[in-house]
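Below: target_29.pdb (PDB, C-alpha atoms, pLDDT in the B column)
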ATOM      1  CA  MET A  17     -13.028-148.295 -73.263  1.00 52.00           C
ATOM      2  CA  ASN A  18     -15.633-146.949 -70.802  1.00 60.00           C
ATOM      3  CA  ALA A  19     -19.114-145.724 -71.709  1.00 56.00           C
ATOM      4  CA  LEU A  20     -18.162-142.028 -71.798  1.00 56.00           C
ATOM      5  CA  THR A  21     -15.076-142.632 -73.972  1.00 53.00           C
ATOM      6  CA  SER A  22     -17.121-144.784 -76.369  1.00 54.00           C
ATOM      7  CA  TRP A  23     -19.753-142.059 -76.628  1.00 50.00           C
ATOM      8  CA  LEU A  24     -17.140-139.359 -77.330  1.00 49.00           C
ATOM      9  CA  PHE A  25     -15.511-141.511 -80.020  1.00 52.00           C
ATOM     10  CA  ALA A  26     -18.852-142.182 -81.728  1.00 50.00           C
ATOM     11  CA  ARG A  27     -19.881-138.532 -81.530  1.00 54.00           C
ATOM     12  CA  ARG A  28     -16.677-137.283 -83.127  1.00 54.00           C
ATOM     13  CA  ALA A  29     -16.915-139.934 -85.850  1.00 55.00           C
ATOM     14  CA  ALA A  30     -20.491-138.829 -86.620  1.00 55.00           C
ATOM     15  CA  ALA A  31     -19.391-135.179 -86.811  1.00 54.00           C
ATOM     16  CA  ARG A  32     -16.593-136.075 -89.229  1.00 51.00           C
ATOM     17  CA  ALA A  33     -19.027-138.032 -91.391  1.00 49.00           C
ATOM     18  CA  LYS A  34     -21.452-135.100 -91.481  1.00 54.00           C
ATOM     19  CA  ARG A  35     -18.680-132.731 -92.588  1.00 50.00           C
ATOM     20  CA  ALA A  36     -17.542-135.216 -95.217  1.00 48.00           C
ATOM     21  CA  ARG A  37     -21.065-135.415 -96.654  1.00 47.00           C
ATOM     22  CA  GLY A  38     -21.169-131.635 -96.946  1.00 54.00           C
ATOM     23  CA  GLU A  39     -24.686-131.416 -95.565  1.00 61.00           C
ATOM     24  CA  ALA A  40     -26.193-127.988 -96.100  1.00 60.00           C
ATOM     25  CA  PRO A  41     -26.730-125.769 -93.057  1.00 62.00           C
ATOM     26  CA  PRO A  42     -30.176-124.296 -92.391  1.00 66.00           C
ATOM     27  CA  ALA A  43     -31.128-121.163 -94.279  1.00 67.00           C
ATOM     28  CA  ASP A  44     -31.559-117.850 -92.476  1.00 86.00           C
ATOM     29  CA  PRO A  45     -30.363-118.740 -88.940  1.00 95.00           C
ATOM     30  CA  PRO A  46     -31.358-116.389 -86.113  1.00 97.00           C
ATOM     31  CA  ARG A  47     -28.830-113.816 -85.021  1.00 97.00           C
ATOM     32  CA  HIS A  48     -28.810-114.946 -81.374  1.00 98.00           C
ATOM     33  CA  ILE A  49     -29.568-118.436 -80.036  1.00 98.00           C
ATOM     34  CA  ALA A  50     -29.767-119.172 -76.298  1.00 98.00           C
ATOM     35  CA  ILE A  51     -29.744-122.701 -74.873  1.00 98.00           C
ATOM     36  CA  ILE A  52     -30.511-124.117 -71.421  1.00 98.00           C
ATOM     37  CA  LEU A  53     -28.035-126.996 -70.993  1.00 96.00           C
ATOM     38  CA  ASP A  54     -30.377-129.513 -69.395  1.00 96.00           C
ATOM     39  CA  GLY A  55     -30.223-133.286 -69.004  1.00 95.00           C
ATOM     40  CA  ASN A  56     -26.552-133.959 -68.223  1.00 95.00           C
ATOM     41  CA  GLY A  57     -27.267-135.793 -64.970  1.00 94.00           C
ATOM     42  CA  ARG A  58     -30.091-137.885 -66.422  1.00 96.00           C
ATOM     43  CA  TRP A  59     -27.954-138.783 -69.418  1.00 96.00           C
ATOM     44  CA  ALA A  60     -25.260-140.138 -67.096  1.00 96.00           C
ATOM     45  CA  SER A  61     -27.698-141.957 -64.815  1.00 95.00           C
ATOM     46  CA  ARG A  62     -29.253-143.822 -67.745  1.00 95.00           C
ATOM     47  CA  ARG A  63     -25.792-145.145 -68.608  1.00 95.00           C
ATOM     48  CA  GLY A  64     -24.850-146.097 -65.066  1.00 95.00           C
ATOM     49  CA  LEU A  65     -22.299-143.280 -64.917  1.00 95.00           C
ATOM     50  CA  PRO A  66     -21.774-140.633 -62.216  1.00 94.00           C
ATOM     51  CA  ARG A  67     -23.484-137.292 -62.834  1.00 93.00           C
ATOM     52  CA  THR A  68     -20.060-135.704 -63.305  1.00 93.00           C
ATOM     53  CA  ALA A  69     -19.632-137.819 -66.462  1.00 95.00           C
ATOM     54  CA  GLY A  70     -22.790-136.227 -67.819  1.00 95.00           C
ATOM     55  CA  HIS A  71     -21.339-132.756 -67.339  1.00 94.00           C
ATOM     56  CA  ALA A  72     -18.139-133.813 -69.122  1.00 94.00           C
ATOM     57  CA  ALA A  73     -20.241-135.094 -72.032  1.00 95.00           C
ATOM     58  CA  GLY A  74     -22.265-131.868 -72.002  1.00 94.00           C
ATOM     59  CA  ALA A  75     -19.062-129.818 -72.245  1.00 93.00           C
ATOM     60  CA  GLU A  76     -18.098-131.752 -75.368  1.00 94.00           C
ATOM     61  CA  THR A  77     -21.535-131.049 -76.825  1.00 95.00           C
ATOM     62  CA  PHE A  78     -21.145-127.337 -76.108  1.00 94.00           C
ATOM     63  CA  ARG A  79     -17.867-127.236 -78.056  1.00 92.00           C
ATOM     64  CA  GLN A  80     -19.480-128.893 -81.055  1.00 94.00           C
ATOM     65  CA  ILE A  81     -22.651-126.798 -80.988  1.00 96.00           C
ATOM     66  CA  ALA A  82     -20.746-123.521 -80.517  1.00 94.00           C
ATOM     67  CA  THR A  83     -18.567-124.310 -83.527  1.00 93.00           C
ATOM     68  CA  TYR A  84     -21.592-125.286 -85.595  1.00 95.00           C
ATOM     69  CA  CYS A  85     -23.524-122.136 -84.690  1.00 96.00           C
ATOM     70  CA  ARG A  86     -20.544-120.015 -85.681  1.00 94.00           C
ATOM     71  CA  ASP A  87     -20.185-121.878 -88.976  1.00 94.00           C
ATOM     72  CA  ILE A  88     -23.836-121.435 -90.011  1.00 95.00           C
ATOM     73  CA  GLY A  89     -23.799-117.689 -89.371  1.00 95.00           C
ATOM     74  CA  VAL A  90     -25.218-117.305 -85.851  1.00 97.00           C
ATOM     75  CA  GLU A  91     -23.627-114.216 -84.282  1.00 97.00           C
ATOM     76  CA  TYR A  92     -24.298-114.925 -80.600  1.00 98.00           C
ATOM     77  CA  LEU A  93     -24.749-118.146 -78.650  1.00 98.00           C
ATOM     78  CA  THR A  94     -25.684-117.900 -74.961  1.00 98.00           C
ATOM     79  CA  VAL A  95     -25.776-121.007 -72.773  1.00 97.00           C
ATOM     80  CA  TYR A  96     -27.073-121.508 -69.239  1.00 97.00           C
ATOM     81  CA  ALA A  97     -24.301-123.539 -67.618  1.00 94.00           C
ATOM     82  CA  PHE A  98     -24.646-122.924 -63.859  1.00 95.00           C
ATOM     83  CA  SER A  99     -27.431-121.059 -62.080  1.00 96.00           C
ATOM     84  CA  THR A 100     -27.467-119.238 -58.766  1.00 95.00           C
ATOM     85  CA  GLU A 101     -29.548-122.162 -57.483  1.00 95.00           C
ATOM     86  CA  ASN A 102     -27.089-124.847 -58.606  1.00 95.00           C
ATOM     87  CA  TRP A 103     -24.875-124.267 -55.555  1.00 96.00           C
ATOM     88  CA  LYS A 104     -27.394-126.473 -53.727  1.00 95.00           C
ATOM     89  CA  ARG A 105     -26.168-129.510 -55.644  1.00 93.00           C
ATOM     90  CA  PRO A 106     -23.704-132.022 -54.119  1.00 93.00           C
ATOM     91  CA  ARG A 107     -20.239-130.558 -53.548  1.00 94.00           C
ATOM     92  CA  GLN A 108     -18.566-133.128 -55.833  1.00 93.00           C
ATOM     93  CA  GLU A 109     -20.860-132.203 -58.719  1.00 93.00           C
ATOM     94  CA  VAL A 110     -20.309-128.466 -58.229  1.00 95.00           C
ATOM     95  CA  GLU A 111     -16.547-128.955 -58.132  1.00 94.00           C
ATOM     96  CA  ALA A 112     -16.672-131.035 -61.314  1.00 93.00           C
ATOM     97  CA  ILE A 113     -18.603-128.298 -63.120  1.00 94.00           C
ATOM     98  CA  MET A 114     -16.127-125.649 -61.973  1.00 95.00           C
ATOM     99  CA  ASP A 115     -13.204-127.838 -63.081  1.00 94.00           C
ATOM    100  CA  LEU A 116     -14.800-128.181 -66.517  1.00 93.00           C
ATOM    101  CA  LEU A 117     -15.314-124.428 -66.708  1.00 93.00           C
ATOM    102  CA  GLY A 118     -11.646-123.855 -65.870  1.00 94.00           C
ATOM    103  CA  LYS A 119     -10.581-126.369 -68.513  1.00 92.00           C
ATOM    104  CA  TYR A 120     -12.785-124.713 -71.115  1.00 91.00           C
ATOM    105  CA  LEU A 121     -11.520-121.227 -70.282  1.00 92.00           C
ATOM    106  CA  ARG A 122      -7.876-122.342 -70.438  1.00 91.00           C
ATOM    107  CA  GLU A 123      -8.517-123.913 -73.847  1.00 89.00           C
ATOM    108  CA  SER A 124     -10.306-120.753 -74.961  1.00 88.00           C
ATOM    109  CA  VAL A 125      -7.346-118.572 -74.058  1.00 85.00           C
ATOM    110  CA  GLU A 126      -5.234-120.745 -76.384  1.00 83.00           C
ATOM    111  CA  THR A 127      -7.662-120.680 -79.326  1.00 84.00           C
ATOM    112  CA  MET A 128      -9.587-117.387 -79.186  1.00 84.00           C
ATOM    113  CA  GLU A 129      -6.873-115.303 -80.826  1.00 79.00           C
ATOM    114  CA  ARG A 130      -6.285-117.930 -83.514  1.00 81.00           C
ATOM    115  CA  ASP A 131      -9.983-118.312 -84.358  1.00 79.00           C
ATOM    116  CA  HIS A 132     -11.083-114.724 -83.541  1.00 79.00           C
ATOM    117  CA  ILE A 133     -13.861-115.980 -81.264  1.00 85.00           C
ATOM    118  CA  ARG A 134     -15.219-113.814 -78.477  1.00 93.00           C
ATOM    119  CA  LEU A 135     -16.232-115.230 -75.104  1.00 94.00           C
ATOM    120  CA  LYS A 136     -18.186-113.497 -72.353  1.00 95.00           C
ATOM    121  CA  ILE A 137     -19.186-114.838 -68.941  1.00 95.00           C
ATOM    122  CA  LEU A 138     -22.574-113.603 -67.704  1.00 97.00           C
ATOM    123  CA  GLY A 139     -23.296-113.750 -63.979  1.00 97.00           C
ATOM    124  CA  ASP A 140     -21.747-112.838 -60.666  1.00 96.00           C
ATOM    125  CA  PRO A 141     -18.111-114.047 -60.475  1.00 95.00           C
ATOM    126  CA  ALA A 142     -17.744-113.247 -56.770  1.00 94.00           C
ATOM    127  CA  MET A 143     -18.261-116.856 -55.648  1.00 93.00           C
ATOM    128  CA  LEU A 144     -15.847-118.293 -58.216  1.00 95.00           C
ATOM    129  CA  SER A 145     -12.222-119.144 -57.485  1.00 95.00           C
ATOM    130  CA  ASP A 146      -9.399-116.654 -58.010  1.00 96.00           C
ATOM    131  CA  GLU A 147      -8.153-118.763 -60.928  1.00 95.00           C
ATOM    132  CA  LEU A 148     -11.531-118.716 -62.660  1.00 95.00           C
ATOM    133  CA  ARG A 149     -11.928-114.974 -62.175  1.00 95.00           C
ATOM    134  CA  ALA A 150      -8.455-114.406 -63.642  1.00 96.00           C
ATOM    135  CA  LEU A 151      -9.308-116.577 -66.654  1.00 94.00           C
ATOM    136  CA  ILE A 152     -12.595-114.705 -67.136  1.00 95.00           C
ATOM    137  CA  ASP A 153     -10.693-111.402 -67.136  1.00 95.00           C
ATOM    138  CA  GLU A 154      -8.184-112.772 -69.639  1.00 94.00           C
ATOM    139  CA  THR A 155     -10.851-114.005 -72.046  1.00 93.00           C
ATOM    140  CA  ALA A 156     -12.647-110.658 -71.779  1.00 93.00           C
ATOM    141  CA  GLU A 157      -9.457-108.836 -72.676  1.00 93.00           C
ATOM    142  CA  ILE A 158      -8.860-111.056 -75.709  1.00 91.00           C
ATOM    143  CA  SER A 159     -12.503-110.711 -76.807  1.00 91.00           C
ATOM    144  CA  GLY A 160     -12.175-106.934 -76.839  1.00 89.00           C
ATOM    145  CA  ARG A 161      -9.728-107.129 -79.740  1.00 89.00           C
ATOM    146  CA  TYR A 162     -12.040-108.794 -82.225  1.00 86.00           C
ATOM    147  CA  GLU A 163     -15.405-108.704 -83.948  1.00 88.00           C
ATOM    148  CA  GLY A 164     -17.439-111.729 -84.960  1.00 90.00           C
ATOM    149  CA  PHE A 165     -19.042-114.737 -83.299  1.00 94.00           C
ATOM    150  CA  GLN A 166     -19.501-114.456 -79.533  1.00 96.00           C
ATOM    151  CA  ALA A 167     -20.242-117.249 -77.062  1.00 96.00           C
ATOM    152  CA  ASN A 168     -21.789-116.203 -73.742  1.00 96.00           C
ATOM    153  CA  VAL A 169     -21.659-118.642 -70.831  1.00 95.00           C
ATOM    154  CA  CYS A 170     -23.972-117.973 -67.881  1.00 97.00           C
ATOM    155  CA  ILE A 171     -22.216-118.977 -64.639  1.00 96.00           C
ATOM    156  CA  ASN A 172     -23.637-118.214 -61.178  1.00 97.00           C
ATOM    157  CA  TYR A 173     -26.445-116.565 -63.101  1.00 98.00           C
ATOM    158  CA  GLY A 174     -30.122-116.063 -62.321  1.00 97.00           C
ATOM    159  CA  GLY A 175     -32.540-113.943 -64.330  1.00 98.00           C
ATOM    160  CA  ARG A 176     -34.251-112.420 -61.289  1.00 97.00           C
ATOM    161  CA  ASP A 177     -30.905-111.782 -59.617  1.00 97.00           C
ATOM    162  CA  GLU A 178     -29.735-110.024 -62.772  1.00 98.00           C
ATOM    163  CA  ILE A 179     -32.778-107.712 -62.738  1.00 98.00           C
ATOM    164  CA  VAL A 180     -32.349-106.891 -59.029  1.00 98.00           C
ATOM    165  CA  ARG A 181     -28.660-106.083 -59.530  1.00 98.00           C
ATOM    166  CA  ALA A 182     -29.470-103.893 -62.527  1.00 98.00           C
ATOM    167  CA  ALA A 183     -32.139-102.015 -60.525  1.00 98.00           C
ATOM    168  CA  MET A 184     -29.690-101.394 -57.687  1.00 98.00           C
ATOM    169  CA  ARG A 185     -26.990-100.136 -60.039  1.00 97.00           C
ATOM    170  CA  TYR A 186     -29.438 -97.817 -61.787  1.00 98.00           C
ATOM    171  CA  ALA A 187     -30.699 -96.474 -58.451  1.00 98.00           C
ATOM    172  CA  GLU A 188     -27.156 -95.644 -57.391  1.00 97.00           C
ATOM    173  CA  ASP A 189     -26.470 -93.826 -60.661  1.00 98.00           C
ATOM    174  CA  TYR A 190     -29.784 -91.977 -60.506  1.00 97.00           C
ATOM    175  CA  ARG A 191     -29.105 -90.864 -56.946  1.00 96.00           C
ATOM    176  CA  SER A 192     -25.687 -89.527 -57.934  1.00 97.00           C
ATOM    177  CA  GLY A 193     -27.025 -87.801 -61.041  1.00 96.00           C
ATOM    178  CA  ALA A 194     -25.188 -90.142 -63.424  1.00 96.00           C
ATOM    179  CA  ALA A 195     -28.419 -91.529 -64.913  1.00 95.00           C
ATOM    180  CA  GLY A 196     -31.625 -89.876 -66.066  1.00 94.00           C
ATOM    181  CA  GLN A 197     -35.218 -91.014 -66.451  1.00 95.00           C
ATOM    182  CA  LEU A 198     -35.471 -94.801 -66.624  1.00 96.00           C
ATOM    183  CA  THR A 199     -36.389 -96.403 -69.944  1.00 97.00           C
ATOM    184  CA  GLU A 200     -36.256-100.015 -71.123  1.00 97.00           C
ATOM    185  CA  GLU A 201     -33.247 -99.234 -73.304  1.00 97.00           C
ATOM    186  CA  LEU A 202     -31.413 -97.549 -70.439  1.00 97.00           C
ATOM    187  CA  PHE A 203     -32.233-100.363 -68.025  1.00 98.00           C
ATOM    188  CA  SER A 204     -30.922-102.967 -70.487  1.00 98.00           C
ATOM    189  CA  GLY A 205     -27.550-101.290 -70.229  1.00 97.00           C
ATOM    190  CA  TYR A 206     -27.342-102.305 -66.560  1.00 98.00           C
ATOM    191  CA  MET A 207     -27.848-106.010 -67.244  1.00 98.00           C
ATOM    192  CA  PHE A 208     -25.072-108.601 -67.474  1.00 97.00           C
ATOM    193  CA  SER A 209     -26.065-108.831 -71.157  1.00 97.00           C
ATOM    194  CA  ALA A 210     -25.525-105.131 -71.887  1.00 97.00           C
ATOM    195  CA  GLY A 211     -24.559-104.632 -75.522  1.00 96.00           C
ATOM    196  CA  ILE A 212     -25.767-108.091 -76.592  1.00 97.00           C
ATOM    197  CA  PRO A 213     -28.959-108.305 -78.688  1.00 97.00           C
ATOM    198  CA  ASP A 214     -31.850-110.179 -77.117  1.00 98.00           C
ATOM    199  CA  PRO A 215     -32.040-113.863 -78.088  1.00 98.00           C
ATOM    200  CA  ASP A 216     -34.249-114.596 -81.060  1.00 98.00           C
ATOM    201  CA  LEU A 217     -34.560-118.273 -80.134  1.00 98.00           C
ATOM    202  CA  VAL A 218     -34.338-119.988 -76.739  1.00 98.00           C
ATOM    203  CA  ILE A 219     -33.847-123.767 -76.880  1.00 98.00           C
ATOM    204  CA  ARG A 220     -34.366-126.105 -73.939  1.00 98.00           C
ATOM    205  CA  PRO A 221     -33.318-129.739 -74.365  1.00 98.00           C
ATOM    206  CA  GLY A 222     -34.105-132.335 -71.713  1.00 97.00           C
ATOM    207  CA  GLY A 223     -37.904-132.448 -71.820  1.00 96.00           C
ATOM    208  CA  GLU A 224     -38.707-129.668 -69.328  1.00 97.00           C
ATOM    209  CA  MET A 225     -40.914-126.825 -70.562  1.00 97.00           C
ATOM    210  CA  ARG A 226     -39.919-123.773 -68.540  1.00 96.00           C
ATOM    211  CA  LEU A 227     -37.221-121.082 -68.583  1.00 97.00           C
ATOM    212  CA  SER A 228     -35.924-121.788 -65.054  1.00 97.00           C
ATOM    213  CA  ASN A 229     -34.886-118.187 -64.364  1.00 97.00           C
ATOM    214  CA  PHE A 230     -32.910-117.843 -67.609  1.00 98.00           C
ATOM    215  CA  LEU A 231     -32.716-114.460 -69.365  1.00 98.00           C
ATOM    216  CA  MET A 232     -36.010-113.304 -67.866  1.00 97.00           C
ATOM    217  CA  TRP A 233     -35.607-109.726 -69.135  1.00 98.00           C
ATOM    218  CA  GLU A 234     -33.970-110.535 -72.452  1.00 98.00           C
ATOM    219  CA  SER A 235     -36.299-113.336 -73.601  1.00 98.00           C
ATOM    220  CA  ALA A 236     -39.549-111.342 -73.471  1.00 96.00           C
ATOM    221  CA  TYR A 237     -40.074-111.790 -77.223  1.00 96.00           C
ATOM    222  CA  SER A 238     -37.859-114.805 -77.878  1.00 98.00           C
ATOM    223  CA  GLU A 239     -39.275-117.820 -79.653  1.00 98.00           C
ATOM    224  CA  LEU A 240     -39.180-120.870 -77.369  1.00 98.00           C
ATOM    225  CA  TYR A 241     -38.291-124.371 -78.575  1.00 98.00           C
ATOM    226  CA  PHE A 242     -38.458-127.451 -76.336  1.00 98.00           C
ATOM    227  CA  THR A 243     -37.172-130.934 -77.107  1.00 98.00           C
ATOM    228  CA  ASP A 244     -36.883-134.207 -75.193  1.00 98.00           C
ATOM    229  CA  VAL A 245     -33.300-134.738 -76.400  1.00 98.00           C
ATOM    230  CA  LEU A 246     -30.909-134.628 -73.446  1.00 98.00           C
ATOM    231  CA  TRP A 247     -28.157-132.042 -73.816  1.00 97.00           C
ATOM    232  CA  PRO A 248     -25.231-134.486 -74.242  1.00 97.00           C
ATOM    233  CA  ASP A 249     -27.125-136.091 -77.155  1.00 97.00           C
ATOM    234  CA  PHE A 250     -27.911-132.726 -78.766  1.00 98.00           C
ATOM    235  CA  THR A 251     -26.371-132.444 -82.250  1.00 97.00           C
ATOM    236  CA  PRO A 252     -26.166-129.967 -85.135  1.00 96.00           C
ATOM    237  CA  ALA A 253     -29.211-131.736 -86.580  1.00 96.00           C
ATOM    238  CA  ASP A 254     -31.159-130.624 -83.497  1.00 97.00           C
ATOM    239  CA  ILE A 255     -30.010-127.042 -84.093  1.00 97.00           C
ATOM    240  CA  ASP A 256     -31.209-127.402 -87.688  1.00 97.00           C
ATOM    241  CA  ALA A 257     -34.627-128.597 -86.478  1.00 97.00           C
ATOM    242  CA  ALA A 258     -34.921-125.712 -84.009  1.00 97.00           C
ATOM    243  CA  VAL A 259     -33.924-123.154 -86.654  1.00 97.00           C
ATOM    244  CA  ALA A 260     -36.409-124.631 -89.135  1.00 96.00           C
ATOM    245  CA  GLU A 261     -39.166-124.298 -86.532  1.00 96.00           C
ATOM    246  CA  PHE A 262     -38.029-120.755 -85.731  1.00 97.00           C
ATOM    247  CA  ASN A 263     -38.316-119.810 -89.390  1.00 95.00           C
ATOM    248  CA  ARG A 264     -41.902-121.104 -89.458  1.00 93.00           C
ATOM    249  CA  ARG A 265     -42.928-118.854 -86.564  1.00 92.00           C
ATOM    250  CA  ASP A 266     -44.863-115.631 -87.163  1.00 85.00           C
ATOM    251  CA  ARG A 267     -43.001-113.037 -85.089  1.00 77.00           C
ATOM    252  CA  ARG A 268     -45.158-109.927 -84.590  1.00 76.00           C
ATOM    253  CA  PHE A 269     -43.688-108.426 -81.401  1.00 71.00           C
ATOM    254  CA  GLY A 270     -47.134-107.385 -80.208  1.00 73.00           C
ATOM    255  CA  GLY A 271     -48.292-106.021 -83.546  1.00 72.00           C
ATOM    256  CA  ILE A 272     -50.282-107.526 -86.391  1.00 69.00           C
ATOM    257  CA  LYS A 273     -49.419-108.544 -89.903  1.00 67.00           C
ATOM    258  CA  LYS A 274     -50.681-106.194 -92.593  1.00 61.00           C
TER     259      LYS A 274
END
Structure encoded using structure tokens:
Amino acid sequence: MNALTSWLFARRAAARAKRARGEAPPADPPRHIAIILDGNGRWASRRGLPRTAGHAAGAETFRQIATYCRDIGVEYLTVYAFSTENWKRPRQEVEAIMDLLGKYLRESVETMERDHIRLKILGDPAMLSDELRALIDETAEISGRYEGFQANVCINYGGRDEIVRAAMRYAEDYRSGAAGQLTEELFSGYMFSAGIPDPDLVIRPGGEMRLSNFLMWESAYSELYFTDVLWPDFTPADIDAAVAEFNRRDRRFGGIKK
């Protein structure tokens, strides 16, 4: 049994034990949680594994966290899986990430209708393979049939790129007479995230304390939560801790408490 297989076995056993204990979920979870999936490579390196093993472990974590967020009443979960800058990484690592994405999308096609889960890919699909683009289209079609929990996966996504694309689309519509005077609400409709409420809470595992070009427009008033836990080691208990901290925050949105 290699290190990754041992880790997966232990993780699933811990999840089963938690369910068996019936541990209570956190009260009053935010409507929309966004997470930067950071630390996969470092997690693998510390175990003497290739970086690709870290991404495989991170994919397993995403499945568990997405299910947990749905179960505790979160309506939207958005994760930063692959940025516009990540193409600079070694070819083998990029290919491994794309293979994992394909595997996840194929599994989603099989389970979305059964579980009534919606899935949306945010980002520019132009650089993705024909197979991935077809799977993205298929999951979008299935998602359109249901209401309820929605997972958003940011692939080939950059916050600044998203804003530039939205500005260009608005300019084209304005020039043609299809759009009127620009407002924040109108501009939001040109973003990849159109129709999705802004995240209430942005979580970054892995020890870094920056947004790294993630949801730059949407996170203007999000609460930020940073933790040193590497993403593959992130558990429902870490979600609970982040939600508890979120509920202690005093959210004023620029105003004052009366």
Distance in Å - CA of Ser209 in chain A versus CA of Ile113 in chain A: 22.3 Å
The residue from A:Pro46, A:His71, A:Val110, A:Glu147 with the smallest atom-to-atom distance to Arg265 in chain A, counting only C-alpha atoms, is A:Pro46
The PyMOL selection byres ((chain A and resi 63-68) around 10) resolved against shown file, as a PyMOL selection string: chain A and resi 18-20+55-62+69-74+108-113+116
Expected selection from the PyMOL selection byres ((chain A and resi 50) around 6), given as an NGL selection string: :A and (49 or 51 or 93-95 or 218)
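Within the 6 Å cut-off around range 243-258 of chain A, using all atoms listed in the file and omitting residues fewer than 3 positions from it on the same chain, the listed residues are Pro42, Leu53, Asp54, Gly55, Ala73, Gly74, Thr77, Pro221, Gly222, Gly223 and Glu261 of chain A.
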What gap, in Å, lies between CA of Arg220 in chain A and CA of Glu154 in chain A?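 So the answer is 29.7 Å.
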Could you tell me how far CA of Arg176 in chain A sits from CA of Leu148 in chain A, in Å to one decimal place?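 Computing the Euclidean distance for CA of Leu148 in chain A and CA of Arg176 in chain A yields 23.6 Å.
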Here's a test: counting all atoms listed in the file, identify every protein, DNA and RNA residue with an atom at most 9 Å from (-23.7, -114.1, -67.2) in the file's coordinate frame, and state them as an MDAnalysis selection string. chainID A and resid 94 96 136:141 168:174 178 208:209
What residues come out when you apply the PyMOL selection byres ((chain A and resi 87) around 12) to this file, written as a PDB file with C-alpha atoms, in the coordinates of the input?
ATOM      1  CA  ARG A  35     -18.680-132.731 -92.588  1.00 50.00           C
ATOM      2  CA  ALA A  40     -26.193-127.988 -96.100  1.00 60.00           C
ATOM      3  CA  PRO A  41     -26.730-125.769 -93.057  1.00 62.00           C
ATOM      4  CA  PRO A  42     -30.176-124.296 -92.391  1.00 66.00           C
ATOM      5  CA  PRO A  45     -30.363-118.740 -88.940  1.00 95.00           C
ATOM      6  CA  GLN A  80     -19.480-128.893 -81.055  1.00 94.00           C
ATOM      7  CA  ILE A  81     -22.651-126.798 -80.988  1.00 96.00           C
ATOM      8  CA  ALA A  82     -20.746-123.521 -80.517  1.00 94.00           C
ATOM      9  CA  THR A  83     -18.567-124.310 -83.527  1.00 93.00           C
ATOM     10  CA  TYR A  84     -21.592-125.286 -85.595  1.00 95.00           C
ATOM     11  CA  CYS A  85     -23.524-122.136 -84.690  1.00 96.00           C
ATOM     12  CA  ARG A  86     -20.544-120.015 -85.681  1.00 94.00           C
ATOM     13  CA  ILE A  88     -23.836-121.435 -90.011  1.00 95.00           C
ATOM     14  CA  GLY A  89     -23.799-117.689 -89.371  1.00 95.00           C
ATOM     15  CA  VAL A  90     -25.218-117.305 -85.851  1.00 97.00           C
ATOM     16  CA  GLU A  91     -23.627-114.216 -84.282  1.00 97.00           C
ATOM     17  CA  TYR A  92     -24.298-114.925 -80.600  1.00 98.00           C
ATOM     18  CA  LEU A  93     -24.749-118.146 -78.650  1.00 98.00           C
ATOM     19  CA  ASP A 131      -9.983-118.312 -84.358  1.00 79.00           C
ATOM     20  CA  ILE A 133     -13.861-115.980 -81.264  1.00 85.00           C
ATOM     21  CA  GLY A 164     -17.439-111.729 -84.960  1.00 90.00           C
ATOM     22  CA  PHE A 165     -19.042-114.737 -83.299  1.00 94.00           C
ATOM     23  CA  PRO A 252     -26.166-129.967 -85.135  1.00 96.00           C
TER      24      PRO A 252
END
Counting all atoms listed in the file, the residue of A:Arg107, A:Arg185, A:Arg191, A:Leu117 that sits nearest Phe78 in chain A: A:Leu117
Residue contacts of Ser235 in chain A (8 Å, only C-alpha atoms) excluding same-chain residues fewer than 2 positions away, as a PDB file with C-alpha atoms, in the frame of the given file:
ATOM      1  CA  ASP A 214     -31.850-110.179 -77.117  1.00 98.00           C
ATOM      2  CA  PRO A 215     -32.040-113.863 -78.088  1.00 98.00           C
ATOM      3  CA  ASP A 216     -34.249-114.596 -81.060  1.00 98.00           C
ATOM      4  CA  VAL A 218     -34.338-119.988 -76.739  1.00 98.00           C
ATOM      5  CA  LEU A 231     -32.716-114.460 -69.365  1.00 98.00           C
ATOM      6  CA  MET A 232     -36.010-113.304 -67.866  1.00 97.00           C
ATOM      7  CA  TRP A 233     -35.607-109.726 -69.135  1.00 98.00           C
ATOM      8  CA  TYR A 237     -40.074-111.790 -77.223  1.00 96.00           C
ATOM      9  CA  SER A 238     -37.859-114.805 -77.878  1.00 98.00           C
TER      10      SER A 238
END
Considering all atoms listed in the file, state which residue in the set A:Ala210, A:Ala167, A:Glu239, A:Gly271 is at the smallest distance from Val259 in chain A.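 Among A:Ala210, A:Ala167, A:Glu239, A:Gly271, it is A:Glu239 that comes nearest to Val259 in chain A.
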A:Met225, A:Ile158, A:Met207, A:Ala75: which is nearest Met128 in chain A, counting only C-alpha atoms?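 Looking only at the distances to Met128 in chain A, the closest residue turns out to be A:Ile158.
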Within 10 Å of Gly160 in chain A, counting only C-alpha atoms, which residues qualify if same-chain residues fewer than 2 places away don't, as a PyMOL selection string? chain A and resi 134-136+155-158+162-163
Near Gly270 in chain A, within 12 Å and counting all atoms listed in the file, which residues show up once chain neighbours fewer than 3 positions away are dropped, as a PyMOL selection string? chain A and resi 236-237+266-267+273
